[in-house]
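J.: My structure is in target-v5.cif, and what it holds is mmCIF, N, CA and C atoms:
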data_my_file
#
loop_
_atom_site.label_atom_id
_atom_site.label_comp_id
_atom_site.auth_asym_id
_atom_site.auth_seq_id
_atom_site.Cartn_x
_atom_site.Cartn_y
_atom_site.Cartn_z
N MET T 1 -33.51 -7.20 -10.66
CA MET T 1 -32.84 -6.36 -9.68
C MET T 1 -31.63 -7.09 -9.07
N LEU T 2 -31.68 -8.41 -9.01
CA LEU T 2 -30.59 -9.14 -8.37
C LEU T 2 -29.45 -9.48 -9.32
N THR T 3 -29.67 -9.43 -10.62
CA THR T 3 -28.61 -9.77 -11.57
C THR T 3 -27.37 -8.89 -11.37
N PRO T 4 -27.49 -7.58 -11.25
CA PRO T 4 -26.29 -6.77 -11.02
C PRO T 4 -25.56 -7.16 -9.73
N ILE T 5 -26.31 -7.52 -8.72
CA ILE T 5 -25.69 -7.91 -7.45
C ILE T 5 -24.89 -9.20 -7.63
N TRP T 6 -25.45 -10.13 -8.36
CA TRP T 6 -24.72 -11.38 -8.63
C TRP T 6 -23.45 -11.10 -9.41
N TRP T 7 -23.52 -10.20 -10.39
CA TRP T 7 -22.32 -9.85 -11.16
C TRP T 7 -21.29 -9.17 -10.28
N MET T 8 -21.73 -8.25 -9.44
CA MET T 8 -20.80 -7.56 -8.54
C MET T 8 -20.13 -8.54 -7.59
N ALA T 9 -20.94 -9.35 -6.94
CA ALA T 9 -20.40 -10.30 -5.97
C ALA T 9 -19.56 -11.38 -6.66
N GLY T 10 -20.05 -11.88 -7.77
CA GLY T 10 -19.34 -12.95 -8.47
C GLY T 10 -17.98 -12.51 -8.99
N THR T 11 -17.93 -11.36 -9.63
CA THR T 11 -16.64 -10.89 -10.15
C THR T 11 -15.69 -10.53 -9.01
N SER T 12 -16.24 -10.01 -7.94
CA SER T 12 -15.40 -9.65 -6.79
C SER T 12 -14.78 -10.88 -6.15
N VAL T 13 -15.61 -11.84 -5.82
CA VAL T 13 -15.12 -13.03 -5.13
C VAL T 13 -14.20 -13.85 -6.05
N ALA T 14 -14.59 -14.00 -7.31
CA ALA T 14 -13.76 -14.78 -8.24
C ALA T 14 -12.39 -14.13 -8.43
N SER T 15 -12.36 -12.82 -8.59
CA SER T 15 -11.07 -12.16 -8.77
C SER T 15 -10.24 -12.19 -7.49
N TRP T 16 -10.90 -12.06 -6.34
CA TRP T 16 -10.16 -12.15 -5.08
C TRP T 16 -9.57 -13.55 -4.91
N LEU T 17 -10.35 -14.59 -5.22
CA LEU T 17 -9.83 -15.95 -5.11
C LEU T 17 -8.61 -16.14 -6.01
N ALA T 18 -8.67 -15.60 -7.21
CA ALA T 18 -7.54 -15.71 -8.13
C ALA T 18 -6.31 -14.98 -7.59
N LEU T 19 -6.50 -13.81 -7.05
CA LEU T 19 -5.39 -13.04 -6.49
C LEU T 19 -4.86 -13.68 -5.20
N ALA T 20 -5.76 -14.14 -4.36
CA ALA T 20 -5.37 -14.72 -3.07
C ALA T 20 -4.59 -16.02 -3.25
N ALA T 21 -4.81 -16.71 -4.34
CA ALA T 21 -4.10 -17.96 -4.58
C ALA T 21 -2.59 -17.74 -4.69
N PHE T 22 -2.18 -16.53 -5.06
CA PHE T 22 -0.76 -16.23 -5.24
C PHE T 22 -0.21 -15.30 -4.16
N ALA T 23 -1.01 -15.02 -3.14
CA ALA T 23 -0.59 -14.05 -2.13
C ALA T 23 -0.37 -14.74 -0.78
N GLU T 24 0.42 -14.09 0.03
CA GLU T 24 0.59 -14.55 1.41
C GLU T 24 -0.71 -14.29 2.16
N ALA T 25 -0.89 -14.97 3.27
CA ALA T 25 -2.13 -14.87 4.04
C ALA T 25 -2.45 -13.44 4.46
N ASP T 26 -1.45 -12.70 4.90
CA ASP T 26 -1.65 -11.31 5.34
C ASP T 26 -2.12 -10.43 4.18
N MET T 27 -1.50 -10.64 3.03
CA MET T 27 -1.87 -9.85 1.85
C MET T 27 -3.26 -10.24 1.36
N ALA T 28 -3.57 -11.53 1.37
CA ALA T 28 -4.90 -11.99 0.95
C ALA T 28 -5.98 -11.43 1.86
N ARG T 29 -5.69 -11.37 3.15
CA ARG T 29 -6.64 -10.79 4.11
C ARG T 29 -6.87 -9.31 3.82
N ALA T 30 -5.79 -8.59 3.56
CA ALA T 30 -5.90 -7.17 3.25
C ALA T 30 -6.71 -6.96 1.96
N MET T 31 -6.45 -7.80 0.96
CA MET T 31 -7.20 -7.68 -0.31
C MET T 31 -8.67 -8.03 -0.11
N TRP T 32 -8.96 -8.98 0.78
CA TRP T 32 -10.36 -9.35 1.07
C TRP T 32 -11.12 -8.13 1.62
N PHE T 33 -10.52 -7.49 2.61
CA PHE T 33 -11.17 -6.31 3.19
C PHE T 33 -11.21 -5.15 2.20
N GLY T 34 -10.24 -5.09 1.30
CA GLY T 34 -10.27 -4.09 0.24
C GLY T 34 -11.38 -4.34 -0.76
N MET T 35 -11.82 -5.58 -0.87
CA MET T 35 -12.92 -5.94 -1.77
C MET T 35 -14.29 -5.76 -1.10
N VAL T 36 -14.38 -6.09 0.16
CA VAL T 36 -15.67 -6.10 0.85
C VAL T 36 -16.31 -4.71 0.93
N GLY T 37 -15.55 -3.70 1.26
CA GLY T 37 -16.11 -2.34 1.39
C GLY T 37 -16.75 -1.83 0.11
N PRO T 38 -16.01 -1.82 -1.00
CA PRO T 38 -16.62 -1.37 -2.25
C PRO T 38 -17.82 -2.23 -2.68
N LEU T 39 -17.75 -3.52 -2.40
CA LEU T 39 -18.88 -4.39 -2.76
C LEU T 39 -20.12 -4.01 -1.96
N MET T 40 -19.96 -3.76 -0.67
CA MET T 40 -21.11 -3.36 0.16
C MET T 40 -21.69 -2.03 -0.32
N VAL T 41 -20.81 -1.09 -0.64
CA VAL T 41 -21.26 0.22 -1.12
C VAL T 41 -22.05 0.08 -2.42
N ALA T 42 -21.51 -0.69 -3.35
CA ALA T 42 -22.15 -0.84 -4.66
C ALA T 42 -23.47 -1.59 -4.56
N VAL T 43 -23.52 -2.64 -3.77
CA VAL T 43 -24.76 -3.40 -3.62
C VAL T 43 -25.83 -2.53 -2.97
N GLY T 44 -25.48 -1.83 -1.92
CA GLY T 44 -26.45 -0.95 -1.27
C GLY T 44 -26.95 0.15 -2.19
N SER T 45 -26.03 0.73 -2.94
CA SER T 45 -26.39 1.78 -3.88
C SER T 45 -27.31 1.25 -4.97
N TRP T 46 -26.98 0.07 -5.50
CA TRP T 46 -27.81 -0.51 -6.55
C TRP T 46 -29.22 -0.82 -6.04
N LEU T 47 -29.31 -1.44 -4.87
CA LEU T 47 -30.63 -1.78 -4.32
C LEU T 47 -31.48 -0.52 -4.12
N LEU T 48 -30.88 0.51 -3.57
CA LEU T 48 -31.60 1.76 -3.33
C LEU T 48 -32.03 2.42 -4.64
N THR T 49 -31.14 2.46 -5.61
CA THR T 49 -31.45 3.11 -6.89
C THR T 49 -32.50 2.33 -7.67
N ALA T 50 -32.36 1.03 -7.74
CA ALA T 50 -33.33 0.21 -8.48
C ALA T 50 -34.72 0.27 -7.85
N ARG T 51 -34.75 0.22 -6.52
CA ARG T 51 -36.05 0.30 -5.83
C ARG T 51 -36.69 1.67 -6.06
N THR T 52 -35.90 2.73 -5.96
CA THR T 52 -36.42 4.09 -6.19
C THR T 52 -36.91 4.23 -7.63
N HIS T 53 -36.15 3.72 -8.58
CA HIS T 53 -36.55 3.81 -9.99
C HIS T 53 -37.87 3.09 -10.24
N ARG T 54 -38.04 1.96 -9.60
CA ARG T 54 -39.27 1.18 -9.78
C ARG T 54 -40.48 1.90 -9.16
N ARG T 55 -40.27 2.54 -8.00
CA ARG T 55 -41.38 3.17 -7.29
C ARG T 55 -41.65 4.61 -7.71
N ASN T 56 -40.56 5.37 -7.96
CA ASN T 56 -40.71 6.79 -8.28
C ASN T 56 -39.50 7.24 -9.10
N PRO T 57 -39.51 7.02 -10.42
CA PRO T 57 -38.34 7.33 -11.24
C PRO T 57 -37.87 8.78 -11.14
N GLU T 58 -38.75 9.69 -10.87
CA GLU T 58 -38.37 11.10 -10.78
C GLU T 58 -37.47 11.38 -9.58
N ALA T 59 -37.50 10.52 -8.60
CA ALA T 59 -36.73 10.75 -7.37
C ALA T 59 -35.33 10.14 -7.43
N VAL T 60 -34.99 9.46 -8.52
CA VAL T 60 -33.71 8.75 -8.59
C VAL T 60 -32.51 9.68 -8.41
N THR T 61 -32.51 10.82 -9.07
CA THR T 61 -31.36 11.72 -8.97
C THR T 61 -31.12 12.18 -7.54
N SER T 62 -32.17 12.60 -6.85
CA SER T 62 -31.98 13.07 -5.47
C SER T 62 -31.55 11.92 -4.56
N VAL T 63 -32.07 10.74 -4.78
CA VAL T 63 -31.67 9.58 -3.98
C VAL T 63 -30.20 9.24 -4.24
N MET T 64 -29.79 9.30 -5.50
CA MET T 64 -28.40 9.00 -5.84
C MET T 64 -27.45 10.03 -5.24
N MET T 65 -27.86 11.29 -5.19
CA MET T 65 -27.02 12.33 -4.59
C MET T 65 -26.87 12.10 -3.08
N ALA T 66 -27.98 11.76 -2.43
CA ALA T 66 -27.92 11.48 -0.99
C ALA T 66 -27.09 10.23 -0.73
N ALA T 67 -27.23 9.23 -1.59
CA ALA T 67 -26.44 8.01 -1.44
C ALA T 67 -24.96 8.29 -1.62
N PHE T 68 -24.62 9.19 -2.53
CA PHE T 68 -23.22 9.54 -2.74
C PHE T 68 -22.62 10.16 -1.48
N ALA T 69 -23.37 11.04 -0.85
CA ALA T 69 -22.90 11.65 0.40
C ALA T 69 -22.71 10.59 1.48
N ALA T 70 -23.65 9.66 1.57
CA ALA T 70 -23.54 8.57 2.55
C ALA T 70 -22.34 7.68 2.23
N LYS T 71 -22.07 7.46 0.94
CA LYS T 71 -20.92 6.65 0.55
C LYS T 71 -19.61 7.31 0.98
N LEU T 72 -19.52 8.62 0.83
CA LEU T 72 -18.31 9.33 1.24
C LEU T 72 -18.03 9.13 2.73
N VAL T 73 -19.07 9.24 3.53
CA VAL T 73 -18.91 9.05 4.97
C VAL T 73 -18.52 7.60 5.27
N PHE T 74 -19.24 6.66 4.66
CA PHE T 74 -18.96 5.24 4.88
C PHE T 74 -17.52 4.90 4.51
N VAL T 75 -17.09 5.34 3.33
CA VAL T 75 -15.75 5.03 2.85
C VAL T 75 -14.69 5.61 3.80
N GLY T 76 -14.87 6.82 4.25
CA GLY T 76 -13.93 7.41 5.19
C GLY T 76 -13.83 6.62 6.48
N VAL T 77 -14.97 6.25 7.03
CA VAL T 77 -14.99 5.48 8.28
C VAL T 77 -14.41 4.08 8.03
N TYR T 78 -14.78 3.46 6.92
CA TYR T 78 -14.31 2.12 6.60
C TYR T 78 -12.78 2.10 6.47
N LEU T 79 -12.23 3.07 5.74
CA LEU T 79 -10.78 3.13 5.57
C LEU T 79 -10.08 3.32 6.91
N ALA T 80 -10.60 4.20 7.73
CA ALA T 80 -9.99 4.44 9.05
C ALA T 80 -10.03 3.19 9.92
N VAL T 81 -11.17 2.54 9.96
CA VAL T 81 -11.31 1.33 10.79
C VAL T 81 -10.38 0.22 10.29
N MET T 82 -10.32 0.04 9.00
CA MET T 82 -9.49 -1.04 8.45
C MET T 82 -8.00 -0.77 8.67
N ILE T 83 -7.54 0.43 8.38
CA ILE T 83 -6.11 0.70 8.45
C ILE T 83 -5.63 0.90 9.89
N TRP T 84 -6.37 1.67 10.68
CA TRP T 84 -5.91 1.94 12.04
C TRP T 84 -6.54 1.01 13.06
N GLY T 85 -7.81 0.68 12.86
CA GLY T 85 -8.50 -0.17 13.84
C GLY T 85 -8.09 -1.63 13.76
N LEU T 86 -8.04 -2.18 12.56
CA LEU T 86 -7.71 -3.60 12.40
C LEU T 86 -6.26 -3.82 11.99
N SER T 87 -5.53 -2.75 11.79
CA SER T 87 -4.12 -2.83 11.38
C SER T 87 -3.92 -3.69 10.14
N ILE T 88 -4.77 -3.49 9.16
CA ILE T 88 -4.65 -4.19 7.87
C ILE T 88 -3.40 -3.66 7.16
N THR T 89 -2.70 -4.54 6.45
CA THR T 89 -1.54 -4.13 5.67
C THR T 89 -1.98 -3.09 4.65
N PRO T 90 -1.48 -1.85 4.73
CA PRO T 90 -2.06 -0.75 3.96
C PRO T 90 -1.91 -0.85 2.44
N VAL T 91 -0.76 -1.21 1.92
CA VAL T 91 -0.57 -1.16 0.47
C VAL T 91 -1.50 -2.12 -0.28
N PRO T 92 -1.53 -3.42 0.08
CA PRO T 92 -2.46 -4.30 -0.66
C PRO T 92 -3.92 -3.93 -0.41
N PHE T 93 -4.21 -3.44 0.81
CA PHE T 93 -5.59 -3.04 1.10
C PHE T 93 -6.02 -1.87 0.23
N VAL T 94 -5.21 -0.83 0.18
CA VAL T 94 -5.58 0.36 -0.60
C VAL T 94 -5.62 0.05 -2.09
N ALA T 95 -4.67 -0.74 -2.58
CA ALA T 95 -4.68 -1.11 -4.00
C ALA T 95 -5.92 -1.93 -4.33
N SER T 96 -6.25 -2.86 -3.47
CA SER T 96 -7.45 -3.68 -3.67
C SER T 96 -8.71 -2.83 -3.58
N PHE T 97 -8.77 -1.97 -2.58
CA PHE T 97 -9.93 -1.10 -2.38
C PHE T 97 -10.16 -0.24 -3.61
N ALA T 98 -9.11 0.39 -4.10
CA ALA T 98 -9.24 1.27 -5.27
C ALA T 98 -9.67 0.49 -6.50
N GLY T 99 -9.05 -0.66 -6.71
CA GLY T 99 -9.39 -1.47 -7.88
C GLY T 99 -10.83 -1.96 -7.84
N TYR T 100 -11.25 -2.45 -6.69
CA TYR T 100 -12.64 -2.94 -6.58
C TYR T 100 -13.64 -1.80 -6.62
N LEU T 101 -13.29 -0.65 -6.09
CA LEU T 101 -14.19 0.49 -6.17
C LEU T 101 -14.44 0.88 -7.62
N VAL T 102 -13.39 0.93 -8.41
CA VAL T 102 -13.54 1.24 -9.84
C VAL T 102 -14.36 0.15 -10.53
N MET T 103 -14.04 -1.11 -10.25
CA MET T 103 -14.76 -2.21 -10.89
C MET T 103 -16.25 -2.18 -10.54
N MET T 104 -16.58 -1.92 -9.29
CA MET T 104 -17.98 -1.87 -8.87
C MET T 104 -18.72 -0.71 -9.54
N TYR T 105 -18.05 0.43 -9.66
CA TYR T 105 -18.69 1.57 -10.31
C TYR T 105 -18.91 1.33 -11.79
N VAL T 106 -18.00 0.63 -12.43
CA VAL T 106 -18.19 0.29 -13.86
C VAL T 106 -19.39 -0.64 -14.02
N ILE T 107 -19.46 -1.68 -13.21
CA ILE T 107 -20.59 -2.61 -13.30
C ILE T 107 -21.89 -1.87 -13.01
N GLU T 108 -21.89 -1.07 -11.96
CA GLU T 108 -23.09 -0.32 -11.60
C GLU T 108 -23.49 0.65 -12.71
N ALA T 109 -22.53 1.32 -13.32
CA ALA T 109 -22.83 2.27 -14.40
C ALA T 109 -23.44 1.56 -15.60
N LEU T 110 -22.94 0.38 -15.94
CA LEU T 110 -23.51 -0.37 -17.06
C LEU T 110 -24.96 -0.76 -16.79
N TYR T 111 -25.22 -1.20 -15.57
CA TYR T 111 -26.60 -1.58 -15.23
C TYR T 111 -27.50 -0.36 -15.05
N LEU T 112 -26.96 0.76 -14.60
CA LEU T 112 -27.77 1.98 -14.52
C LEU T 112 -28.17 2.45 -15.92
N ARG T 113 -27.24 2.37 -16.84
CA ARG T 113 -27.56 2.75 -18.23
C ARG T 113 -28.70 1.88 -18.75
N ARG T 114 -28.63 0.63 -18.45
CA ARG T 114 -29.69 -0.31 -18.88
C ARG T 114 -31.01 0.01 -18.19
N LEU T 115 -30.93 0.30 -16.89
CA LEU T 115 -32.13 0.62 -16.12
C LEU T 115 -32.81 1.88 -16.66
N PHE T 116 -32.01 2.92 -16.92
CA PHE T 116 -32.57 4.17 -17.39
C PHE T 116 -33.04 4.10 -18.83
N ALA T 117 -32.51 3.17 -19.59
CA ALA T 117 -32.95 3.00 -20.98
C ALA T 117 -34.23 2.17 -21.05
N GLY T 118 -34.70 1.68 -19.91
CA GLY T 118 -35.92 0.89 -19.90
C GLY T 118 -35.70 -0.57 -20.17
N GLY T 119 -34.45 -1.00 -20.17
CA GLY T 119 -34.16 -2.39 -20.47
C GLY T 119 -33.98 -3.26 -19.24
N SER T 120 -34.32 -2.73 -18.09
CA SER T 120 -34.15 -3.50 -16.87
C SER T 120 -35.18 -4.61 -16.80
N ARG T 121 -34.73 -5.71 -16.27
CA ARG T 121 -35.63 -6.84 -16.10
C ARG T 121 -35.85 -7.07 -14.60
N THR T 122 -35.95 -5.98 -13.87
CA THR T 122 -36.17 -6.11 -12.43
C THR T 122 -37.59 -6.54 -12.18
N ARG T 123 -37.74 -7.35 -11.16
CA ARG T 123 -39.07 -7.84 -10.77
C ARG T 123 -39.51 -7.14 -9.50
N PRO T 124 -40.82 -6.93 -9.36
CA PRO T 124 -41.29 -6.33 -8.11
C PRO T 124 -41.02 -7.25 -6.94
N GLU T 125 -40.79 -6.67 -5.78
CA GLU T 125 -40.56 -7.49 -4.59
C GLU T 125 -41.84 -7.92 -3.98
#
Show this structure as C-alpha coordinates.

T.:
Amino acid sequence: MLTPIWWMAGTSVASWLALAAFAEADMARAMWFGMVGPLMVAVGSWLLTARTHRRNPEAVTSVMMAAFAAKLVFVGVYLAVMIWGLSITPVPFVASFAGYLVMMYVIEALYLRRLFAGGSRTRPE
(Lines of atoms letter the chains of each structure in order from A and count residues from 1; the text may use other names and numbers.)
(Lines give C-alpha, C1' and ligand atoms only; values in the text may rest on other atoms or scores of the structure.)
Protein backbone atom coordinates (compact mmCIF):
# COMPACT_ATOMS: atom_id res chain seq x y z
CA MET A 1 0.00 0.00 0.00
CA LEU A 2 2.90 2.38 0.63
CA THR A 3 4.81 1.76 -2.61
CA PRO A 4 2.55 4.06 -4.67
CA ILE A 5 2.92 6.77 -2.05
CA TRP A 6 6.70 6.51 -2.20
CA TRP A 7 6.55 6.78 -6.00
CA MET A 8 4.23 9.77 -5.84
CA ALA A 9 6.27 11.58 -3.22
CA GLY A 10 9.63 10.59 -4.69
CA THR A 11 8.89 11.67 -8.24
CA SER A 12 7.27 14.88 -7.01
CA VAL A 13 10.11 15.96 -4.74
CA ALA A 14 12.85 14.86 -7.14
CA SER A 15 11.31 16.71 -10.07
CA TRP A 16 10.67 19.79 -7.95
CA LEU A 17 14.30 19.79 -6.78
CA ALA A 18 15.45 19.57 -10.39
CA LEU A 19 13.18 22.44 -11.45
CA ALA A 20 13.93 24.57 -8.39
CA ALA A 21 17.66 24.35 -9.05
CA PHE A 22 17.15 26.55 -12.12
CA ALA A 23 14.43 28.84 -10.77
CA GLU A 24 14.38 32.00 -8.74
CA ALA A 25 13.27 31.64 -5.12
CA ASP A 26 9.80 33.08 -5.77
CA MET A 27 9.22 30.73 -8.68
CA ALA A 28 10.56 27.71 -6.76
CA ARG A 29 8.20 28.53 -3.90
CA ALA A 30 5.25 28.75 -6.28
CA MET A 31 6.21 25.42 -7.89
CA TRP A 32 6.54 23.82 -4.43
CA PHE A 33 2.98 24.77 -3.52
CA GLY A 34 1.88 23.67 -6.99
CA MET A 35 3.33 20.25 -6.20
CA VAL A 36 2.08 19.86 -2.63
CA GLY A 37 -1.67 20.12 -3.36
CA PRO A 38 -1.84 17.42 -6.04
CA LEU A 39 0.44 15.19 -3.96
CA MET A 40 -1.84 15.47 -0.92
CA VAL A 41 -4.91 14.74 -3.06
CA ALA A 42 -3.32 11.70 -4.70
CA VAL A 43 -1.92 10.24 -1.47
CA GLY A 44 -5.25 10.65 0.32
CA SER A 45 -7.14 9.16 -2.59
CA TRP A 46 -4.77 6.21 -2.84
CA LEU A 47 -4.92 5.44 0.89
CA LEU A 48 -8.72 5.58 0.89
CA THR A 49 -9.08 3.46 -2.26
CA ALA A 50 -6.53 0.82 -1.24
CA ARG A 51 -8.02 0.49 2.24
CA THR A 52 -11.56 0.21 0.82
CA HIS A 53 -10.43 -2.37 -1.74
CA ARG A 54 -8.81 -4.46 0.98
CA ARG A 55 -11.84 -4.31 3.29
CA ASN A 56 -14.77 -4.23 0.86
CA PRO A 57 -13.90 -4.33 -2.87
CA GLU A 58 -17.52 -3.82 -3.90
CA ALA A 59 -17.55 -0.38 -2.28
CA VAL A 60 -14.55 0.99 -4.21
CA THR A 61 -16.56 2.70 -6.95
CA SER A 62 -18.82 4.59 -4.56
CA VAL A 63 -15.85 5.59 -2.39
CA MET A 64 -13.94 6.81 -5.45
CA MET A 65 -16.95 8.87 -6.58
CA ALA A 66 -17.28 10.48 -3.15
CA ALA A 67 -13.52 11.09 -3.08
CA PHE A 68 -13.73 12.79 -6.47
CA ALA A 69 -16.35 15.21 -5.17
CA ALA A 70 -14.18 15.92 -2.12
CA LYS A 71 -11.18 16.49 -4.41
CA LEU A 72 -13.10 19.08 -6.42
CA VAL A 73 -13.90 21.03 -3.28
CA PHE A 74 -10.35 20.71 -1.92
CA VAL A 75 -8.76 21.80 -5.20
CA GLY A 76 -11.02 24.84 -5.46
CA VAL A 77 -10.27 25.93 -1.90
CA TYR A 78 -6.55 25.14 -2.29
CA LEU A 79 -6.25 27.21 -5.49
CA ALA A 80 -8.08 30.15 -3.92
CA VAL A 81 -5.98 30.09 -0.76
CA MET A 82 -2.70 29.80 -2.65
CA ILE A 83 -3.37 32.46 -5.28
CA TRP A 84 -5.32 35.03 -3.26
CA GLY A 85 -4.52 34.11 0.33
CA LEU A 86 -0.77 33.56 0.08
CA SER A 87 -0.23 35.66 -3.05
CA ILE A 88 1.72 32.89 -4.77
CA THR A 89 3.08 33.82 -8.21
CA PRO A 90 0.20 32.52 -10.37
CA VAL A 91 1.83 31.34 -13.61
CA PRO A 92 4.49 28.99 -12.17
CA PHE A 93 2.02 27.85 -9.52
CA VAL A 94 -0.74 26.96 -11.98
CA ALA A 95 1.70 25.33 -14.43
CA SER A 96 3.23 23.29 -11.62
CA PHE A 97 -0.17 22.42 -10.17
CA ALA A 98 -1.49 21.20 -13.52
CA GLY A 99 1.63 19.22 -14.31
CA TYR A 100 1.77 17.52 -10.93
CA LEU A 101 -1.95 16.82 -10.96
CA VAL A 102 -1.58 14.97 -14.26
CA MET A 103 1.53 13.15 -13.05
CA MET A 104 -0.18 12.04 -9.82
CA TYR A 105 -3.24 10.79 -11.69
CA VAL A 106 -1.05 8.78 -14.08
CA ILE A 107 0.83 7.14 -11.20
CA GLU A 108 -2.41 6.51 -9.33
CA ALA A 109 -4.07 5.04 -12.45
CA LEU A 110 -1.17 2.63 -13.00
CA TYR A 111 -1.36 1.41 -9.42
CA LEU A 112 -5.17 1.21 -9.52
CA ARG A 113 -4.93 -1.00 -12.60
CA ARG A 114 -2.54 -3.23 -10.69
CA LEU A 115 -4.75 -3.23 -7.60
CA PHE A 116 -7.87 -4.16 -9.55
CA ALA A 117 -6.03 -6.85 -11.49
CA GLY A 118 -5.16 -8.53 -8.19
CA GLY A 119 -1.48 -7.77 -8.44
CA SER A 120 -1.31 -5.49 -5.44
CA ARG A 121 1.19 -6.32 -2.80
CA THR A 122 -0.52 -4.29 -0.11
CA ARG A 123 -0.13 -5.51 3.43
CA PRO A 124 -2.80 -5.38 6.11
CA GLU A 125 -2.35 -2.60 8.63

J.: Per residue of range 31-99 of chain T within 8 Å of range 7-13 of chain T, note the shortest atom pair and the distance in Å to one decimal, counting only C-alpha atoms, and order the rows by chain and increasing residue number, as a Markdown table.

T.:
| residue | atom | partner | partner_atom | distance |
| --- | --- | --- | --- | --- |
| T:Met35 | CA | T:Ser12 | CA | 6.7 |
| T:Leu39 | CA | T:Met8 | CA | 6.9 |
| T:Ala42 | CA | T:Met8 | CA | 7.9 |
| T:Val43 | CA | T:Met8 | CA | 7.6 |

J.: T:Phe33, T:Phe116, T:Trp46, T:Phe22: which is nearest Leu79 in chain T, counting only C-alpha atoms?

T.: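 Under the stated criterion, the closest residue is T:Phe33.
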
J.: Work out how far atom N of Val73 in chain T is from CA of Gly34 in chain T, in Å to one decimal.

T.: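 Going from CA of Gly34 in chain T over to atom N of Val73 in chain T covers 16.3 Å.
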
J.: What is the distance between CA of Leu48 in chain T and atom C of Val63 in chain T, in Å to one decimal?

T.: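 We find that CA of Leu48 in chain T and atom C of Val63 in chain T lie 7.7 Å from each other.
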
J.: Among chain T, which ones does DSSP assign to helix (DSSP H, G or I) (computed from the backbone)? Answer as a ChimeraX atom specification.

T.: /T:3-20,25-55,57-85,90-116

J.: Which polymer residues have any atom within 10 Å of an atom of Ala28 in chain T, counting only C-alpha atoms, with same-chain residues fewer than 2 positions away left out, as a PyMOL selection string?

T.: chain T and resi 16-17+19-26+30-34+89+92-93+96

J.: What separation in Å, quoted to one decimal, exists between atom N of Leu101 in chain T and atom C of Gly37 in chain T?

T.: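 Interatomic distance, atom N of Leu101 in chain T to atom C of Gly37 in chain T: 7.2 Å.
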
J.: Using only N, CA and C atoms, which of T:Leu72, T:Ser87, T:Ala67, T:Ala14 sits nearest Gly44 in chain T?

T.: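 The answer is T:Ala67, which sits nearest to Gly44 in chain T.
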
J.: Using only C-alpha atoms, which residue out of T:Val41, T:Val36, T:Ala95, T:Ile107 lies closest to Ala69 in chain T?

T.: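 Selected residue with least distance to Ala69 in chain T: T:Val41.
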